[in-house]
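Printed here is run.txt (compact mmCIF, C-alpha atoms):
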# COMPACT_ATOMS: atom_id res chain seq x y z
CA MET A 1 70.32 -12.12 -34.14
CA ALA A 2 66.59 -11.83 -33.40
CA ARG A 3 65.80 -10.50 -29.99
CA MET A 4 63.43 -12.63 -27.91
CA GLU A 5 60.23 -10.87 -26.94
CA TRP A 6 56.67 -11.83 -26.05
CA ARG A 7 53.64 -10.30 -24.42
CA ASP A 8 51.17 -12.22 -22.28
CA GLN A 9 49.04 -11.96 -19.17
CA GLY A 10 49.93 -13.90 -16.06
CA THR A 11 49.51 -14.21 -12.34
CA LEU A 12 52.43 -13.60 -10.03
CA LEU A 13 53.68 -16.61 -8.07
CA SER A 14 56.74 -15.33 -6.24
CA VAL A 15 59.15 -12.42 -5.85
CA ARG A 16 62.81 -12.53 -4.83
CA LYS A 17 65.12 -9.58 -4.34
CA HIS A 18 67.86 -9.31 -6.94
CA GLY A 19 70.55 -6.80 -6.08
CA GLU A 20 69.52 -3.53 -4.50
CA THR A 21 66.82 -2.31 -6.81
CA SER A 22 65.61 -5.28 -8.87
CA VAL A 23 63.58 -8.41 -8.21
CA ILE A 24 63.23 -11.76 -9.93
CA ILE A 25 59.58 -12.66 -10.34
CA GLU A 26 57.99 -15.94 -11.27
CA VAL A 27 54.68 -15.77 -13.11
CA PHE A 28 52.19 -18.29 -14.46
CA THR A 29 51.06 -17.25 -17.92
CA ALA A 30 48.56 -18.73 -20.36
CA GLU A 31 50.90 -19.24 -23.29
CA HIS A 32 54.32 -19.45 -21.67
CA GLY A 33 53.55 -21.38 -18.49
CA ARG A 34 55.65 -20.76 -15.38
CA HIS A 35 58.25 -18.21 -16.37
CA ALA A 36 60.85 -16.22 -14.44
CA GLY A 37 62.41 -12.88 -15.26
CA VAL A 38 63.98 -9.78 -13.76
CA VAL A 39 61.96 -6.65 -13.03
CA ARG A 40 64.32 -3.70 -12.91
CA GLY A 41 63.34 -1.23 -10.22
CA GLY A 42 61.04 -3.87 -8.72
CA VAL A 43 61.65 -2.73 -5.15
CA SER A 44 60.54 0.85 -5.92
CA ARG A 45 57.51 2.35 -4.20
CA LYS A 46 55.72 2.44 -7.53
CA ILE A 47 56.24 -1.18 -8.59
CA ALA A 48 56.57 -3.13 -5.32
CA PRO A 49 52.85 -2.90 -4.41
CA ILE A 50 51.97 -4.41 -7.80
CA LEU A 51 54.28 -7.36 -7.28
CA GLN A 52 52.28 -9.32 -4.72
CA PRO A 53 51.57 -13.04 -5.12
CA GLY A 54 48.26 -13.56 -6.93
CA SER A 55 48.38 -10.23 -8.80
CA GLN A 56 47.26 -10.36 -12.41
CA LEU A 57 49.84 -8.66 -14.62
CA ASP A 58 50.26 -7.65 -18.22
CA LEU A 59 53.78 -8.77 -19.04
CA VAL A 60 56.32 -8.10 -21.74
CA TRP A 61 59.37 -10.36 -21.57
CA ARG A 62 62.57 -9.51 -23.43
CA ALA A 63 65.89 -11.31 -23.62
CA ARG A 64 68.82 -11.49 -25.99
CA LEU A 65 68.67 -15.30 -26.13
CA GLU A 66 65.80 -17.62 -25.30
CA GLU A 67 67.73 -19.41 -22.56
CA HIS A 68 68.46 -16.14 -20.75
CA ILE A 69 66.39 -15.24 -17.73
CA GLY A 70 65.36 -12.00 -19.45
CA ALA A 71 63.58 -8.98 -18.09
CA PHE A 72 59.91 -8.25 -17.62
CA THR A 73 58.11 -4.96 -17.88
CA VAL A 74 54.90 -5.21 -15.91
CA GLU A 75 51.56 -3.42 -15.87
CA PRO A 76 48.99 -4.19 -13.19
CA VAL A 77 45.72 -5.71 -14.36
CA LYS A 78 44.20 -6.82 -11.06
CA SER A 79 45.39 -6.98 -7.46
CA ARG A 80 43.88 -9.97 -5.70
CA ALA A 81 45.76 -9.87 -2.40
CA ALA A 82 44.28 -6.56 -1.23
CA ALA A 83 40.74 -7.92 -1.35
CA ILE A 84 41.54 -10.86 0.93
CA MET A 85 44.27 -9.55 3.23
CA GLY A 86 41.81 -9.35 6.10
CA ASP A 87 40.61 -12.94 5.60
CA ARG A 88 43.16 -15.31 7.11
CA ASN A 89 41.71 -18.42 5.46
CA ALA A 90 41.50 -16.91 1.98
CA LEU A 91 45.03 -15.54 2.35
CA ALA A 92 46.21 -19.04 3.30
CA GLY A 93 44.41 -20.31 0.18
CA LEU A 94 46.20 -17.79 -2.03
CA ASN A 95 49.55 -18.76 -0.51
CA ALA A 96 48.85 -22.47 -1.07
CA ILE A 97 47.82 -21.98 -4.71
CA THR A 98 50.82 -19.85 -5.68
CA ALA A 99 53.24 -22.08 -3.74
CA LEU A 100 51.88 -25.29 -5.30
CA LEU A 101 52.02 -23.84 -8.83
CA SER A 102 55.57 -22.69 -8.23
CA PHE A 103 56.43 -26.12 -6.80
CA ALA A 104 54.76 -28.34 -9.36
CA LEU A 105 54.88 -26.69 -12.78
CA PRO A 106 57.79 -27.23 -15.13
CA GLU A 107 59.34 -23.99 -16.37
CA ARG A 108 58.28 -22.49 -19.69
CA GLU A 109 55.70 -25.15 -20.51
CA ALA A 110 52.22 -23.91 -21.36
CA HIS A 111 49.27 -25.31 -19.41
CA PRO A 112 46.39 -23.17 -20.70
CA ARG A 113 43.59 -25.22 -19.10
CA LEU A 114 45.25 -25.17 -15.68
CA TYR A 115 45.97 -21.47 -16.13
CA THR A 116 42.28 -20.75 -16.71
CA ARG A 117 41.31 -22.87 -13.68
CA SER A 118 43.92 -21.18 -11.51
CA ILE A 119 42.79 -17.67 -12.44
CA ALA A 120 39.18 -18.60 -11.71
CA MET A 121 40.21 -20.16 -8.38
CA LEU A 122 42.20 -17.10 -7.31
CA ASP A 123 39.20 -14.88 -8.12
CA LEU A 124 36.92 -17.21 -6.18
CA LEU A 125 38.84 -16.59 -2.94
CA ALA A 126 37.26 -13.14 -2.60
CA GLU A 127 33.85 -14.12 -3.92
CA THR A 128 32.43 -16.85 -1.69
CA PRO A 129 33.14 -18.48 1.68
CA ALA A 130 32.55 -21.83 -0.06
CA TRP A 131 35.84 -21.41 -1.98
CA PRO A 132 37.43 -24.48 -0.26
CA VAL A 133 35.20 -26.67 -2.47
CA GLY A 134 36.62 -24.88 -5.51
CA TYR A 135 40.09 -25.31 -4.06
CA LEU A 136 39.64 -29.08 -3.87
CA GLN A 137 38.54 -29.09 -7.52
CA TRP A 138 41.57 -27.00 -8.37
CA GLU A 139 43.94 -29.49 -6.70
CA LEU A 140 42.25 -32.27 -8.70
CA ALA A 141 42.80 -30.20 -11.87
CA LEU A 142 46.46 -29.71 -10.94
CA LEU A 143 46.91 -33.46 -10.48
CA GLU A 144 45.07 -34.16 -13.76
CA GLU A 145 47.16 -31.65 -15.71
CA LEU A 146 50.42 -33.14 -14.49
CA GLY A 147 49.46 -36.75 -15.13
CA TYR A 148 48.13 -37.88 -11.75
CA GLY A 149 44.42 -37.44 -12.37
CA LEU A 150 41.82 -39.24 -10.27
CA ASP A 151 38.79 -40.97 -11.78
CA LEU A 152 35.87 -40.21 -9.49
CA THR A 153 33.09 -40.97 -11.99
CA ALA A 154 32.35 -44.60 -11.12
CA CYS A 155 33.23 -47.34 -8.65
CA ALA A 156 36.36 -49.27 -9.63
CA VAL A 157 34.85 -52.45 -8.15
CA THR A 158 31.15 -52.43 -9.05
CA GLY A 159 31.17 -49.95 -11.96
CA GLY A 160 28.24 -48.09 -10.42
CA ALA A 161 28.13 -44.32 -10.05
CA GLU A 162 26.06 -44.37 -6.85
CA ASP A 163 27.18 -44.18 -3.23
CA LEU A 164 30.83 -43.36 -4.02
CA ALA A 165 32.58 -43.02 -0.66
CA TYR A 166 36.27 -43.84 -1.08
CA VAL A 167 39.26 -43.43 -3.37
CA SER A 168 41.76 -46.17 -4.01
CA PRO A 169 45.29 -44.95 -3.14
CA LYS A 170 46.66 -47.35 -5.74
CA SER A 171 44.54 -46.62 -8.78
CA GLY A 172 43.15 -43.17 -7.93
CA ARG A 173 39.67 -44.43 -8.80
CA ALA A 174 36.51 -44.03 -6.78
CA VAL A 175 35.14 -46.93 -4.76
CA SER A 176 31.57 -47.21 -3.51
CA ALA A 177 30.67 -48.12 0.07
CA GLU A 178 29.38 -51.43 -1.24
CA GLY A 179 32.52 -52.12 -3.26
CA ALA A 180 34.93 -51.22 -0.45
CA GLY A 181 34.37 -54.48 1.43
CA GLU A 182 37.23 -55.50 3.65
CA TRP A 183 39.63 -52.93 2.10
CA VAL A 184 37.76 -50.04 3.67
CA ASP A 185 40.58 -49.26 6.14
CA ARG A 186 43.10 -48.90 3.34
CA LEU A 187 41.00 -46.55 1.21
CA LEU A 188 41.05 -42.77 1.23
CA PRO A 189 37.91 -40.76 1.98
CA LEU A 190 35.79 -39.35 -0.85
CA PRO A 191 33.62 -36.60 0.66
CA GLU A 192 30.91 -34.91 -1.41
CA GLU A 193 33.01 -31.76 -1.57
CA LEU A 194 35.65 -33.63 -3.57
CA LEU A 195 32.94 -34.29 -6.14
CA GLY A 196 32.25 -30.55 -6.28
CA VAL A 197 29.18 -30.52 -4.03
CA VAL A 198 28.87 -27.38 -1.88
CA THR A 199 27.52 -28.71 1.40
CA GLN A 200 26.04 -26.56 4.15
CA ASP A 201 28.90 -26.97 6.62
CA LEU A 202 31.75 -27.97 4.27
CA ALA A 203 32.50 -30.74 6.77
CA GLY A 204 34.21 -32.94 4.20
CA ILE A 205 36.91 -30.42 3.26
CA PRO A 206 39.63 -31.81 5.61
CA ASP A 207 38.99 -35.36 4.32
CA GLY A 208 39.10 -34.11 0.74
CA LEU A 209 42.42 -32.37 1.37
CA ARG A 210 43.74 -35.57 2.94
CA THR A 211 42.92 -37.47 -0.24
CA THR A 212 44.33 -34.92 -2.69
CA GLY A 213 47.32 -34.50 -0.37
CA TYR A 214 48.03 -38.21 -0.64
CA PHE A 215 48.25 -38.04 -4.43
CA LEU A 216 50.17 -34.76 -4.38
CA THR A 217 52.74 -36.35 -2.06
CA HIS A 218 52.96 -39.88 -3.44
CA GLY A 219 52.46 -38.96 -7.09
CA LEU A 220 53.55 -35.45 -7.93
CA ALA A 221 56.11 -34.74 -5.18
CA HIS A 222 57.53 -38.26 -5.47
CA ALA A 223 58.15 -37.70 -9.19
CA LEU A 224 59.92 -34.45 -8.34
CA GLY A 225 62.48 -36.28 -6.22
CA ASP A 226 60.39 -36.69 -3.06
CA ARG A 227 60.52 -32.99 -2.34
CA PRO A 228 58.22 -32.03 0.54
CA LEU A 229 55.04 -30.23 -0.44
CA PRO A 230 55.15 -26.47 0.22
CA GLU A 231 54.61 -25.50 3.84
CA ALA A 232 51.89 -23.10 2.67
CA ARG A 233 49.65 -26.05 1.76
CA ALA A 234 50.18 -27.66 5.16
CA ARG A 235 49.20 -24.36 6.80
CA LEU A 236 46.03 -24.16 4.72
CA VAL A 237 45.10 -27.76 5.59
CA ASP A 238 45.75 -27.08 9.26
CA ARG A 239 43.66 -23.89 9.19
CA LEU A 240 40.68 -25.44 7.39
CA SER A 241 40.79 -28.56 9.57
CA ARG A 242 40.76 -26.44 12.73
CA ARG A 243 37.87 -24.38 11.36
CA GLN A 244 35.83 -27.54 10.86
CA ALA A 245 36.76 -28.88 14.29
CA SER A 246 35.66 -25.70 16.10
CA MET B 1 97.50 -3.10 -12.78
CA SER B 2 95.86 -1.78 -9.66
CA GLU B 3 95.27 2.01 -9.55
CA ALA B 4 95.76 2.35 -5.78
CA PRO B 5 97.89 0.58 -3.15
CA ARG B 6 96.58 -2.76 -1.90
CA ASP B 7 95.21 -1.41 1.41
CA ILE B 8 93.22 1.30 -0.32
CA GLU B 9 91.95 -1.12 -2.98
CA ASN B 10 90.87 -3.39 -0.16
CA LEU B 11 88.93 -0.54 1.45
CA ILE B 12 87.30 0.32 -1.88
CA GLU B 13 86.24 -3.30 -2.37
CA LEU B 14 84.67 -3.40 1.08
CA MET B 15 82.91 -0.05 0.63
CA ALA B 16 81.54 -1.22 -2.72
CA LYS B 17 79.63 -3.94 -0.88
CA LEU B 18 77.60 -1.37 1.07
CA PRO B 19 73.99 -0.68 0.04
CA GLY B 20 73.77 2.17 -2.46
CA LEU B 21 77.43 2.01 -3.42
CA GLY B 22 79.10 0.41 -6.41
CA PRO B 23 82.78 0.21 -7.38
CA ARG B 24 82.90 3.74 -8.81
CA SER B 25 81.01 5.45 -6.02
CA ALA B 26 83.04 3.49 -3.43
CA ARG B 27 86.21 4.74 -5.07
CA ARG B 28 84.95 8.34 -4.89
CA ALA B 29 83.94 7.89 -1.25
CA VAL B 30 87.33 6.45 -0.27
CA LEU B 31 89.14 9.24 -2.08
CA HIS B 32 86.99 11.77 -0.24
CA LEU B 33 87.76 10.10 3.09
CA ILE B 34 91.49 10.14 2.41
CA ARG B 35 91.38 13.83 1.52
CA LYS B 36 89.52 14.53 4.78
CA ARG B 37 91.65 12.15 6.78
CA GLY B 38 91.62 14.09 10.06
CA LEU B 39 88.07 15.29 9.79
CA LEU B 40 86.37 12.12 8.54
CA LEU B 41 88.56 9.07 8.02
CA ALA B 42 90.07 8.76 11.49
CA PRO B 43 86.79 9.48 13.38
CA LEU B 44 84.94 7.11 11.06
CA ALA B 45 87.49 4.36 11.66
CA ASP B 46 87.23 4.92 15.43
CA ALA B 47 83.43 4.90 15.33
CA MET B 48 83.34 1.74 13.21
CA HIS B 49 85.77 0.03 15.55
CA ALA B 50 83.68 0.99 18.58
CA VAL B 51 80.48 -0.30 16.96
CA ALA B 52 82.20 -3.47 15.79
CA VAL B 53 83.19 -4.19 19.38
CA SER B 54 79.98 -3.16 21.14
CA ALA B 55 77.04 -3.68 18.72
CA ARG B 56 74.76 -6.54 19.68
CA GLU B 57 71.19 -7.69 19.42
CA CYS B 58 68.93 -7.01 22.39
CA ILE B 59 68.13 -10.39 23.93
CA THR B 60 64.60 -9.22 24.74
CA CYS B 61 63.30 -7.46 21.64
CA GLY B 62 65.87 -8.06 18.88
CA ASN B 63 66.69 -4.35 18.48
CA VAL B 64 70.30 -3.44 17.74
CA GLY B 65 72.13 -1.68 20.58
CA THR B 66 75.34 -1.68 22.48
CA THR B 67 74.11 -3.43 25.60
CA GLU B 68 72.64 -6.86 26.22
CA VAL B 69 69.21 -5.33 26.81
CA CYS B 70 68.47 -2.20 24.75
CA ASP B 71 67.52 1.22 26.14
CA ILE B 72 63.88 0.83 25.12
CA CYS B 73 63.51 -2.46 26.97
CA THR B 74 65.18 -1.17 30.13
CA SER B 75 63.20 2.09 30.24
CA GLU B 76 60.39 1.94 32.83
CA LYS B 77 58.59 4.72 30.94
CA ARG B 78 58.14 2.37 28.00
CA ALA B 79 56.40 -0.29 30.11
CA THR B 80 52.96 0.82 28.96
CA GLY B 81 51.61 -2.64 28.36
CA GLU B 82 51.76 -2.03 24.60
CA LEU B 83 54.07 -4.06 22.38
CA CYS B 84 54.66 -3.13 18.75
CA VAL B 85 55.69 -6.03 16.51
CA VAL B 86 57.88 -5.13 13.51
CA GLU B 87 59.60 -7.14 10.83
CA ASP B 88 63.13 -5.81 11.25
CA VAL B 89 65.19 -3.18 13.01
CA ALA B 90 64.77 -0.66 10.17
CA ASP B 91 61.00 -0.75 10.82
CA LEU B 92 61.58 -0.18 14.54
CA TRP B 93 63.72 2.86 13.75
CA ALA B 94 61.02 4.15 11.37
CA MET B 95 58.43 3.88 14.16
CA GLU B 96 60.76 5.66 16.58
CA ARG B 97 61.34 8.47 14.07
CA ALA B 98 57.60 9.12 14.11
CA GLY B 99 57.86 9.52 17.89
CA VAL B 100 54.24 8.57 18.48
CA PHE B 101 54.52 5.12 19.96
CA LYS B 102 55.55 5.08 23.61
CA GLY B 103 55.57 1.35 24.34
CA ARG B 104 58.09 -1.39 23.65
CA TYR B 105 58.95 -3.32 20.50
CA HIS B 106 59.46 -6.85 19.31
CA VAL B 107 61.52 -7.48 16.17
CA LEU B 108 60.54 -10.69 14.37
CA GLY B 109 63.56 -10.87 12.07
CA GLY B 110 61.48 -11.54 8.94
CA THR B 111 58.08 -12.82 7.89
CA LEU B 112 56.64 -16.23 7.18
CA SER B 113 57.56 -17.12 3.61
CA ALA B 114 56.46 -20.18 1.71
CA LEU B 115 59.07 -19.51 -0.96
CA ASP B 116 62.03 -19.22 1.39
CA ALA B 117 60.75 -21.95 3.75
CA ILE B 118 60.66 -19.53 6.69
CA GLY B 119 58.26 -20.93 9.25
CA PRO B 120 57.25 -19.68 12.72
CA ASP B 121 60.26 -21.35 14.34
CA GLU B 122 62.68 -19.35 12.20
CA LEU B 123 61.17 -16.10 13.53
CA ARG B 124 61.05 -14.73 17.08
CA ILE B 125 57.40 -15.67 17.49
CA PRO B 126 57.82 -18.09 20.47
CA LYS B 127 59.75 -15.32 22.29
CA LEU B 128 56.90 -12.88 21.53
CA VAL B 129 54.35 -15.23 23.04
CA SER B 130 56.42 -15.63 26.21
CA ARG B 131 56.94 -11.84 26.49
CA VAL B 132 53.19 -11.22 26.37
CA GLY B 133 52.82 -13.31 29.51
CA ASP B 134 56.00 -12.19 31.29
CA GLU B 135 55.61 -8.42 30.77
CA ASN B 136 51.87 -8.09 31.39
CA ILE B 137 51.22 -6.94 27.84
CA THR B 138 47.66 -5.75 27.26
CA GLU B 139 47.90 -4.87 23.57
CA VAL B 140 50.08 -6.15 20.74
CA ILE B 141 50.20 -3.83 17.72
CA LEU B 142 51.18 -5.62 14.53
CA ALA B 143 53.14 -3.10 12.45
CA LEU B 144 53.95 -5.51 9.64
CA ASN B 145 54.23 -4.75 5.96
CA ALA B 146 51.02 -4.71 3.91
CA THR B 147 52.31 -7.55 1.75
CA VAL B 148 51.02 -11.11 1.39
CA ASN B 149 53.86 -12.43 3.57
CA GLY B 150 53.48 -9.62 6.12
CA GLN B 151 49.75 -10.15 6.53
CA THR B 152 50.08 -13.95 6.58
CA THR B 153 52.48 -13.48 9.49
CA ALA B 154 50.09 -11.02 11.17
CA HIS B 155 47.22 -13.54 11.01
CA TYR B 156 49.47 -16.27 12.39
CA ILE B 157 50.55 -14.13 15.34
CA ALA B 158 46.97 -13.00 15.99
CA GLU B 159 45.95 -16.64 16.31
CA GLU B 160 48.88 -17.48 18.58
CA LEU B 161 47.95 -14.61 20.91
CA GLU B 162 44.21 -15.18 20.87
CA GLY B 163 42.78 -14.82 24.37
CA ARG B 164 46.05 -13.53 25.85
CA CYS B 165 45.76 -9.81 24.95
CA ASP B 166 44.24 -7.39 22.44
CA VAL B 167 45.82 -7.68 19.02
CA THR B 168 45.58 -4.72 16.64
CA SER B 169 47.28 -3.82 13.38
CA LEU B 170 48.21 -0.61 11.58
CA ALA B 171 45.57 0.84 9.25
CA GLN B 172 46.01 0.53 5.51
CA GLY B 173 45.03 3.18 3.00
CA VAL B 174 45.87 6.50 1.37
CA PRO B 175 49.29 7.82 2.49
CA ILE B 176 49.64 11.44 3.67
CA GLY B 177 50.20 13.54 0.56
CA GLY B 178 49.00 10.71 -1.67
CA GLU B 179 46.85 11.33 -4.72
CA LEU B 180 44.18 8.77 -5.58
CA ASP B 181 45.07 8.84 -9.26
CA TYR B 182 48.55 7.52 -8.49
CA LEU B 183 47.49 4.76 -6.06
CA ASP B 184 47.36 1.11 -7.01
CA ASP B 185 43.93 -0.51 -6.92
CA GLY B 186 44.89 -2.67 -3.91
CA THR B 187 45.55 0.39 -1.75
CA ILE B 188 42.32 2.02 -2.90
CA THR B 189 40.43 -1.21 -2.03
CA ALA B 190 42.00 -1.27 1.45
CA ALA B 191 41.33 2.43 1.99
CA LEU B 192 37.69 2.11 0.99
CA ARG B 193 37.18 -0.85 3.30
CA ALA B 194 38.75 1.07 6.20
CA ARG B 195 36.77 4.29 5.54
CA LYS B 196 35.73 6.32 8.56
CA ARG B 197 33.06 8.84 9.39
CA VAL B 198 34.16 12.51 9.16

Please render this file's structure as structure tokens.
Amino acid sequence: MARMEWRDQGTLLSVRKHGETSVIIEVFTAEHGRHAGVVRGGVSRKIAPILQPGSQLDLVWRARLEEHIGAFTVEPVKSRAAAIMGDRNALAGLNAITALLSFALPEREAHPRLYTRSIAMLDLLAETPAWPVGYLQWELALLEELGYGLDLTACAVTGGAEDLAYVSPKSGRAVSAEGAGEWVDRLLPLPEELLGVVTQDLAGIPDGLRTTGYFLTHGLAHALGDRPLPEARARLVDRLSRRQAS
Amino acid sequence: MSEAPRDIENLIELMAKLPGLGPRSARRAVLHLIRKRGLLLAPLADAMHAVAVSARECITCGNVGTTEVCDICTSEKRATGELCVVEDVADLWAMERAGVFKGRYHVLGGTLSALDAIGPDELRIPKLVSRVGDENITEVILALNATVNGQTTAHYIAEELEGRCDVTSLAQGVPIGGELDYLDDGTITAALRARKRV
């Protein structure tokens, strides 16, 4: 019988202890999606520092049968956590990204576009303080990839692309200030940051997170059996909202 | 068929559950204990019984001891105003082995973990905050692991204690006896960022 084996690069999402010396890791790879496997000796002094959420790894997965959990051998490619460990907001961002990917992605299903976006987003955490704008775009990409995409290109009421200020919670489409009319109280905010604009003070980030959070909760999480969104996202939202308030 | 009488098999099964032991090594250990019955087995049984009766968690810091409040917490000499926060008791013992820290400890009992749904309320963080006020703590030293979960917890605690006392953390970098060639790039990054004038 042919032995199952593949090689790919991926980013580490989570680590769990397995017995005394091994760990079970969950990675997000380009060609094999979210995939779990055992790393023998994963608690050793040599390997444990490599196995931090957000680390980029070169992976070889082997198993006797495809449905087996299998075992990984790992080589470090890039450690992202070390660069941001001193930055509490960026660290909260890393936790939210890895937790949401682990929460939302089906196992062993390739999502190459989302993989590319996620890698770029994780790198962005250490590159610019404006990363929350990128994070909002990443949450939109996550929703899009899993079938809950928003259409923020034109107003659902007037068809115009100007003055877009709201998002309809029902259709996920943008609504302009003019088109909102008497429904304005029932619409979700559409700050510039949600459209990818890097503003001076990033003041619209909390509103943007409120809007994406609505669709993550009522769309994605609802479809997954109304599971609560990961606590790590709530902590990020709380942190960024407090930063804007202060 | 069992190779040993039921009581001995039972002991082997229990020993095999200990860290570092499996069924074969547990069997060897039990056989060794039986051969050294007077010298090892009986004293070990007595010691285990005594610990089973008296071991408890310190209600103040979470350390393991034999009294309600551990020796470190009751010692006036350790009331230096410094409080070292560690993840678990093994970390506290590691700090004590070094013999450098002369203050008191606070054992969290874990770290914040998104994966395991461990939030601040599952840890001893509220107790830490109250201790800082009650014991006139001037500095809290966060001796948490240099992992994503450890540092996420450190940032959370630092925010909770903001304005109440100084909050510091252990340095990160090249270990004593470490060779750069064998270090992971994360450690080298941390070490370079924390470089100091010589």

Write out as a PyMOL selection string each polymer residue whose atoms come within 7 Å of range 232-244 of chain A, counting only C-alpha atoms; drop sequence neighbours fewer than 2 positions from it. (chain A and resi 89+92-93+95-96+99+203+206+209+230+246) or (chain B and resi 114)

From B:Glu160, B:Asp184, B:Glu82, B:Glu135, residue lying nearest chain A [only C-alpha atoms]: B:Asp184

Within 7 Å of chain B, which residues of chain A are there when counting only C-alpha atoms? Please give them as a count of residues only. 14

Give as a PyMOL selection string every residue, naming chains and numbers as the document does, that has an atom within 6 Å of (35.7, -42.7, 2.6), counting all atoms listed in the file. chain A and resi 165-166+188-190

Excluding range 173-175 of chain A and any residue of its chain fewer than 2 positions from it, enumerate the residues within 7 Å of it, using only C-alpha atoms, and give them as number ranges by chain. A: 150-157, 164-168, 171, 177, 179-180

Taking all atoms listed in the file into account, name the residue in A:Ser118, A:Thr199, A:Ser44, A:Gln56 that is nearest to Glu145 in chain A. A:Ser118

Between CA of Leu100 in chain A and CA of Asp185 in chain A, what distance in Å does the model show, to one decimal?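 So the answer is 28.9 Å.
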
Residue among A:Gly159, A:Val77, A:Gly196, A:Glu139 lying closest to Gly213 in chain A, counting only C-alpha atoms: A:Glu139
